[in-house]
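Notes for the one structure printed next.
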Amino acid sequence: RRACERTWGEREVRALGYSPGPLMARRPLGPPFLPPISIASTAIIGVAAFAFLIAAGPHRPPTPAEPPSTPPAEPPAAAEEILLAGSHAEWTAEWAGVYRRTKMHNGAPYYSKSGDDSRVVWRQKAAHGGGFLWHVGHPADVAQGEAVIAADDGGAASPDLVSSGWRAVEGPGTWRRSSRLRFVAPPPASVYLSGHAPAEAAWLAGWLGEYVLRRDLLVNGWPTFESRRCGATRCDRRLWFAPAQPAAAHEVGSGAEERVLGLVYSLLADDCDG
């Protein structure tokens, strides 16, 4: 077997330009075998690689993907029911109350007053400058573009979302802004007055409990609640809104005697300004 083996000797190694080391003195020639690469070959490969990089241009790492942006918040949905509350003049009391959505008009809800279809609320195209308004009036006023109460913020989805405030007609072509007229969400069917009183005012316990909404009774243009303790008979234990000075509030007391007990509870208006 040794006679058949061929090894690289010192002469063959020197012929390739290498100095034999201790491991190369007797290196078996067995398949597969690749001869050493010369310095010239290395230079050619380096030049080719450099030319490729020049042609390809500088290497840029991939741009990281931007995080998905937060989708815009959806606009508030139009209310099915709204309440016109507050007082401006004596005649506005006839318009106060709950309005229910009955159809669509100009891309917005059209509301009719509960129990009185002759009073409606709709979105009206502005006569000048484009845009829309919110109008309160009679059904016949829709085609004429007339109203008795109006707001400039026609872009609001429903009247309870108007932020520009409301104005009421004072006479032919005359309007006056009102800080008390507003549309709000309809009141709940009932509210509860809870708590306790000191021993010297134990009589207040008779005023605690559930108060039920009376849609047929408006005080200062706002709904009134009546104590359920009254049962089937009417009584004077009521909760109503009073836009009094120095601060407006909801009061509990006797409606007949207008006697305020000093129990204050914010119910319908966040800022209680009427």
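Chain labels A, B, ... are given in the sequence in which chains occur in the structure tokens; within each chain residues are numbered consecutively from 1, and ligands are likewise numbered from 1 in the order shown.
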
Neighbour list for Thr174 of chain A as a VMD selection string, cut-off 12 Å, only C-alpha atoms, skip fewer than 3 positions in-chain: chain A and resid 147 to 149 167 to 171 177

Helix (DSSP H, G or I) per DSSP on the backbone: members of segment 81-126 of chain A, as a list in words: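 DSSP-assigned helix (DSSP H, G or I) residues in segment 81-126 of chain A: Glu90, Trp91, Thr92, Ala93 and Glu94 of chain A.
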
Residue neighbourhood Arg228 of chain A, 12 Å, only C-alpha atoms, exclusion window fewer than 4 positions, as a ChimeraX atom specification: /A:189-193,206-214,232-239

Within 8 Å of Pro186 of chain A using only C-alpha atoms, minus same-chain residues under 5 positions, as a JSON list (two decimals) with N, CA and C atoms, in the first residue's frame:
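Ended up saving to out15.json:
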[["chain", "number", "residue", "atom", "x", "y", "z"],
["A", 81, "GLU", "N", -82.97, 60.41, 20.29],
["A", 81, "GLU", "CA", -83.84, 61.34, 20.99],
["A", 81, "GLU", "C", -83.00, 62.49, 21.54],
["A", 82, "ILE", "N", -83.57, 63.68, 21.52],
["A", 82, "ILE", "CA", -82.90, 64.85, 22.07],
["A", 82, "ILE", "C", -83.92, 65.66, 22.87],
["A", 83, "LEU", "N", -83.41, 66.45, 23.78],
["A", 83, "LEU", "CA", -84.27, 67.27, 24.63],
["A", 83, "LEU", "C", -83.90, 68.73, 24.45],
["A", 98, "VAL", "N", -88.99, 66.76, 24.51],
["A", 98, "VAL", "CA", -88.26, 65.68, 23.85],
["A", 98, "VAL", "C", -88.64, 65.63, 22.38]]

Of the listed residues A:Lys103, A:His196, A:Arg180, A:His135, that which approaches Ser87 of chain A most closely, counting only C-alpha atoms: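 Looking only at the distances to Ser87 of chain A, the closest residue turns out to be A:Arg180.
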
Coordinates-based distance that separates atom CA of Ala79 of chain A from atom CA of Ser114 of chain A (Å, one decimal):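 So the answer is 14.6 Å.
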
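Atom pair atom CA of Asn220 of chain A / atom CA of Asp116 of chain A has a distance of 19.7 Å (rounded to one decimal).
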
Contacts of Ala205 of chain A within 12 Å, only C-alpha atoms, excl. fewer than 6 positions in-chain, as an NGL selection string: :A and (193-199 or 229)

Shortest interatomic distance to Ala96 of chain A - which of A:His138, A:His250, A:Lys113, A:His128, counting only C-alpha atoms: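 The shortest atom-to-atom distance to Ala96 of chain A comes from A:Lys113.
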
Residues flagged strand (DSSP E or B) by DSSP in segment 59-179 of chain A, as JSON, numbers by chain: {"A": [81, 82, 83, 84, 85, 97, 98, 99, 100, 101, 102, 103, 104, 105, 108, 109, 110, 111, 112, 113, 116, 117, 118, 119, 120, 121, 122, 123, 124, 125, 132, 133, 134, 135, 136, 137, 149, 150, 151, 166, 167, 168, 169, 170, 171, 174, 175, 176, 177, 178]}

8 Å contact set for Gln124 of chain A, only C-alpha atoms, chain neighbours under 2 positions out, as a list in words: Asn106, Trp122, Ala126, Phe132, Leu133, Trp134, His135, Val142, Gly145 and Gly154 of chain A

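Near Val219 of chain A, within 8 Å and counting only C-alpha atoms, sit A:Trp240, A:Phe241, A:Ala242, not including residues fewer than 6 positions from it in the same chain.
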
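Interatomic distance, atom CA of Ser118 of chain A against atom CA of Gly137 of chain A: 8.2 Å.
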
Among listed residues A:Asp160, A:Asp141, A:Glu146, A:Asp152, nearest Leu84 of chain A (using only C-alpha atoms): A:Asp160
